[in-house]
Amino acid sequence: MRMKETDTRDFGASAVNVIAQGTQLQGNMVTASDCRIDGILRGNIESKAKIIVGRSGVVEGNIKCANIDIEGSVKAESLLVTELTSLKATANLIGNIETGKISIEPGAEFSGNCKMRNNRPVGPQTNPQPERK
């Protein structure tokens, strides 16, 4: 009997992962591409791309990604976003955020701390030194 070979094609960052409404997953997820969550995920997520938590989406776990749009519910001890965190009007976020930029629409609920990081490289010193005599 011949064994079926495993499909090793590289779909790259153009593929989108979807956790549909009505789906419940428990465990950690690592992906290089975008991810949309409309179901329930109990576990940590790490993505090199964008995560969208839809209106019906629930995430209970830490998140690390490049960008995130939250319309649903997120409960995370740590939310690390290198670029933009966007909390839509229907968002409910409990947890601490470390992000490059943040956008919060009126109506969004957020309970936690937020630390903004400036990713620009440090330039030459702009404060002139006093002249010594």
# chains A, B, ... in the order shown; residues from 1 in each chain; ligands from 1
>>> residues_around(residues="A:Gly100", least_positions_apart="3", cutoff="8 Å", atoms="only C-alpha atoms", output="number ranges by chain")
A: 81-85, 116-119
>>> residues_around(residues="stretch 15-24 of chain A", least_positions_apart="5", cutoff="8 Å", atoms="only C-alpha atoms", output="list of chain:residue names")
A:Ser33, A:Asp34, A:Cys35, A:Arg36, A:Ile37, A:Asp38, A:Gly39, A:Ile40, A:Leu41, A:Arg42, A:Ser56, A:Gly57
>>> atom_distance(atom1="atom CA of A:Leu80", atom2="atom CA of A:Asn92")
16.6 Å
>>> residues_around(residues="A:Gly61", least_positions_apart="5", cutoff="8 Å", atoms="only C-alpha atoms", output="ChimeraX atom specification")
/A:41-45,74-77
>>> write_last_selection(atoms="C-alpha atoms", output="CSV table (one decimal), in the first residue's frame")
chain,number,residue,atom,x,y,z
A,41,LEU,CA,-10.5,31.0,20.5
A,42,ARG,CA,-9.1,30.1,23.9
A,43,GLY,CA,-5.4,30.3,23.5
A,44,ASN,CA,-2.6,32.6,22.4
A,45,ILE,CA,-2.3,33.9,18.8
A,74,VAL,CA,-10.7,40.1,23.8
A,75,LYS,CA,-9.5,39.1,27.2
A,76,ALA,CA,-5.7,39.1,27.2
A,77,GLU,CA,-3.0,39.6,29.8
>>> decode(residues="stretch 38-133 of chain A", atoms="C-alpha atoms", output="PDB file, in the first residue's frame")
ATOM      1  CA  ASP A  38     -15.707  35.176  14.320  1.00  0.00           C
ATOM      2  CA  GLY A  39     -15.883  32.168  16.654  1.00  0.00           C
ATOM      3  CA  ILE A  40     -14.264  31.498  20.029  1.00  0.00           C
ATOM      4  CA  LEU A  41     -10.521  30.956  20.514  1.00  0.00           C
ATOM      5  CA  ARG A  42      -9.133  30.086  23.930  1.00  0.00           C
ATOM      6  CA  GLY A  43      -5.363  30.287  23.517  1.00  0.00           C
ATOM      7  CA  ASN A  44      -2.564  32.551  22.384  1.00  0.00           C
ATOM      8  CA  ILE A  45      -2.253  33.921  18.837  1.00  0.00           C
ATOM      9  CA  GLU A  46       0.944  34.988  17.078  1.00  0.00           C
ATOM     10  CA  SER A  47       0.774  36.419  13.564  1.00  0.00           C
ATOM     11  CA  LYS A  48       3.229  38.318  11.382  1.00  0.00           C
ATOM     12  CA  ALA A  49       0.232  39.968   9.718  1.00  0.00           C
ATOM     13  CA  LYS A  50      -3.214  41.326  10.680  1.00  0.00           C
ATOM     14  CA  ILE A  51      -5.738  39.824  13.084  1.00  0.00           C
ATOM     15  CA  ILE A  52      -9.419  40.736  12.895  1.00  0.00           C
ATOM     16  CA  VAL A  53     -11.694  39.814  15.786  1.00  0.00           C
ATOM     17  CA  GLY A  54     -15.180  40.096  14.283  1.00  0.00           C
ATOM     18  CA  ARG A  55     -18.303  41.228  16.127  1.00  0.00           C
ATOM     19  CA  SER A  56     -19.162  37.681  17.211  1.00  0.00           C
ATOM     20  CA  GLY A  57     -15.499  36.808  17.865  1.00  0.00           C
ATOM     21  CA  VAL A  58     -14.098  36.018  21.310  1.00  0.00           C
ATOM     22  CA  VAL A  59     -10.408  35.586  22.124  1.00  0.00           C
ATOM     23  CA  GLU A  60      -9.207  34.541  25.575  1.00  0.00           C
ATOM     24  CA  GLY A  61      -5.422  34.561  25.400  1.00  0.00           C
ATOM     25  CA  ASN A  62      -2.379  36.678  24.620  1.00  0.00           C
ATOM     26  CA  ILE A  63      -1.979  38.165  21.153  1.00  0.00           C
ATOM     27  CA  LYS A  64       1.156  39.176  19.227  1.00  0.00           C
ATOM     28  CA  CYS A  65       0.759  40.585  15.713  1.00  0.00           C
ATOM     29  CA  ALA A  66       1.548  43.409  13.286  1.00  0.00           C
ATOM     30  CA  ASN A  67      -1.984  44.927  13.208  1.00  0.00           C
ATOM     31  CA  ILE A  68      -5.274  44.161  14.919  1.00  0.00           C
ATOM     32  CA  ASP A  69      -8.894  45.252  14.431  1.00  0.00           C
ATOM     33  CA  ILE A  70     -11.182  44.360  17.322  1.00  0.00           C
ATOM     34  CA  GLU A  71     -14.959  44.429  16.901  1.00  0.00           C
ATOM     35  CA  GLY A  72     -15.727  41.607  19.343  1.00  0.00           C
ATOM     36  CA  SER A  73     -14.379  40.577  22.752  1.00  0.00           C
ATOM     37  CA  VAL A  74     -10.746  40.073  23.765  1.00  0.00           C
ATOM     38  CA  LYS A  75      -9.485  39.123  27.213  1.00  0.00           C
ATOM     39  CA  ALA A  76      -5.675  39.107  27.177  1.00  0.00           C
ATOM     40  CA  GLU A  77      -2.992  39.644  29.759  1.00  0.00           C
ATOM     41  CA  SER A  78      -0.757  40.910  26.944  1.00  0.00           C
ATOM     42  CA  LEU A  79      -1.591  42.384  23.539  1.00  0.00           C
ATOM     43  CA  LEU A  80       1.625  43.182  21.609  1.00  0.00           C
ATOM     44  CA  VAL A  81       1.045  44.973  18.297  1.00  0.00           C
ATOM     45  CA  THR A  82       3.980  46.334  16.300  1.00  0.00           C
ATOM     46  CA  GLU A  83       1.922  48.721  14.172  1.00  0.00           C
ATOM     47  CA  LEU A  84      -1.792  49.638  14.632  1.00  0.00           C
ATOM     48  CA  THR A  85      -4.367  48.572  17.215  1.00  0.00           C
ATOM     49  CA  SER A  86      -7.911  49.518  16.189  1.00  0.00           C
ATOM     50  CA  LEU A  87     -10.803  49.214  18.655  1.00  0.00           C
ATOM     51  CA  LYS A  88     -14.112  49.493  16.811  1.00  0.00           C
ATOM     52  CA  ALA A  89     -17.304  50.826  18.460  1.00  0.00           C
ATOM     53  CA  THR A  90     -18.471  47.299  19.396  1.00  0.00           C
ATOM     54  CA  ALA A  91     -15.101  46.204  20.862  1.00  0.00           C
ATOM     55  CA  ASN A  92     -14.666  44.975  24.424  1.00  0.00           C
ATOM     56  CA  LEU A  93     -11.008  44.621  25.441  1.00  0.00           C
ATOM     57  CA  ILE A  94      -9.744  43.627  28.865  1.00  0.00           C
ATOM     58  CA  GLY A  95      -5.948  43.560  29.050  1.00  0.00           C
ATOM     59  CA  ASN A  96      -2.729  45.461  28.607  1.00  0.00           C
ATOM     60  CA  ILE A  97      -1.739  46.823  25.200  1.00  0.00           C
ATOM     61  CA  GLU A  98       1.723  47.620  23.862  1.00  0.00           C
ATOM     62  CA  THR A  99       1.375  49.100  20.380  1.00  0.00           C
ATOM     63  CA  GLY A 100       2.881  51.473  17.849  1.00  0.00           C
ATOM     64  CA  LYS A 101      -0.403  53.354  17.253  1.00  0.00           C
ATOM     65  CA  ILE A 102      -3.933  53.058  18.602  1.00  0.00           C
ATOM     66  CA  SER A 103      -7.356  54.067  17.306  1.00  0.00           C
ATOM     67  CA  ILE A 104     -10.396  53.867  19.595  1.00  0.00           C
ATOM     68  CA  GLU A 105     -13.878  54.528  18.221  1.00  0.00           C
ATOM     69  CA  PRO A 106     -16.590  56.007  20.487  1.00  0.00           C
ATOM     70  CA  GLY A 107     -18.484  53.170  22.170  1.00  0.00           C
ATOM     71  CA  ALA A 108     -15.499  50.811  22.442  1.00  0.00           C
ATOM     72  CA  GLU A 109     -14.821  49.410  25.924  1.00  0.00           C
ATOM     73  CA  PHE A 110     -11.236  49.091  27.143  1.00  0.00           C
ATOM     74  CA  SER A 111     -10.032  48.149  30.610  1.00  0.00           C
ATOM     75  CA  GLY A 112      -6.273  47.928  31.121  1.00  0.00           C
ATOM     76  CA  ASN A 113      -3.059  49.803  30.422  1.00  0.00           C
ATOM     77  CA  CYS A 114      -1.731  51.057  27.118  1.00  0.00           C
ATOM     78  CA  LYS A 115       1.921  51.670  26.287  1.00  0.00           C
ATOM     79  CA  MET A 116       2.697  53.461  23.028  1.00  0.00           C
ATOM     80  CA  ARG A 117       6.030  52.729  21.388  1.00  0.00           C
ATOM     81  CA  ASN A 118       7.752  55.035  18.967  1.00  0.00           C
ATOM     82  CA  ASN A 119       9.420  52.875  16.322  1.00  0.00           C
ATOM     83  CA  ARG A 120      11.337  55.702  14.633  1.00  0.00           C
ATOM     84  CA  PRO A 121      15.099  55.399  14.762  1.00  0.00           C
ATOM     85  CA  VAL A 122      16.901  57.640  17.162  1.00  0.00           C
ATOM     86  CA  GLY A 123      18.460  60.578  15.303  1.00  0.00           C
ATOM     87  CA  PRO A 124      21.339  62.884  16.189  1.00  0.00           C
ATOM     88  CA  GLN A 125      21.074  64.723  19.452  1.00  0.00           C
ATOM     89  CA  THR A 126      19.053  67.913  18.995  1.00  0.00           C
ATOM     90  CA  ASN A 127      19.824  69.601  22.303  1.00  0.00           C
ATOM     91  CA  PRO A 128      22.967  71.731  21.934  1.00  0.00           C
ATOM     92  CA  GLN A 129      25.583  71.254  24.623  1.00  0.00           C
ATOM     93  CA  PRO A 130      26.609  74.368  26.565  1.00  0.00           C
ATOM     94  CA  GLU A 131      29.960  75.779  25.542  1.00  0.00           C
ATOM     95  CA  ARG A 132      32.745  75.204  28.095  1.00  0.00           C
ATOM     96  CA  LYS A 133      34.979  78.115  29.041  1.00  0.00           C
TER      97      LYS A 133
END
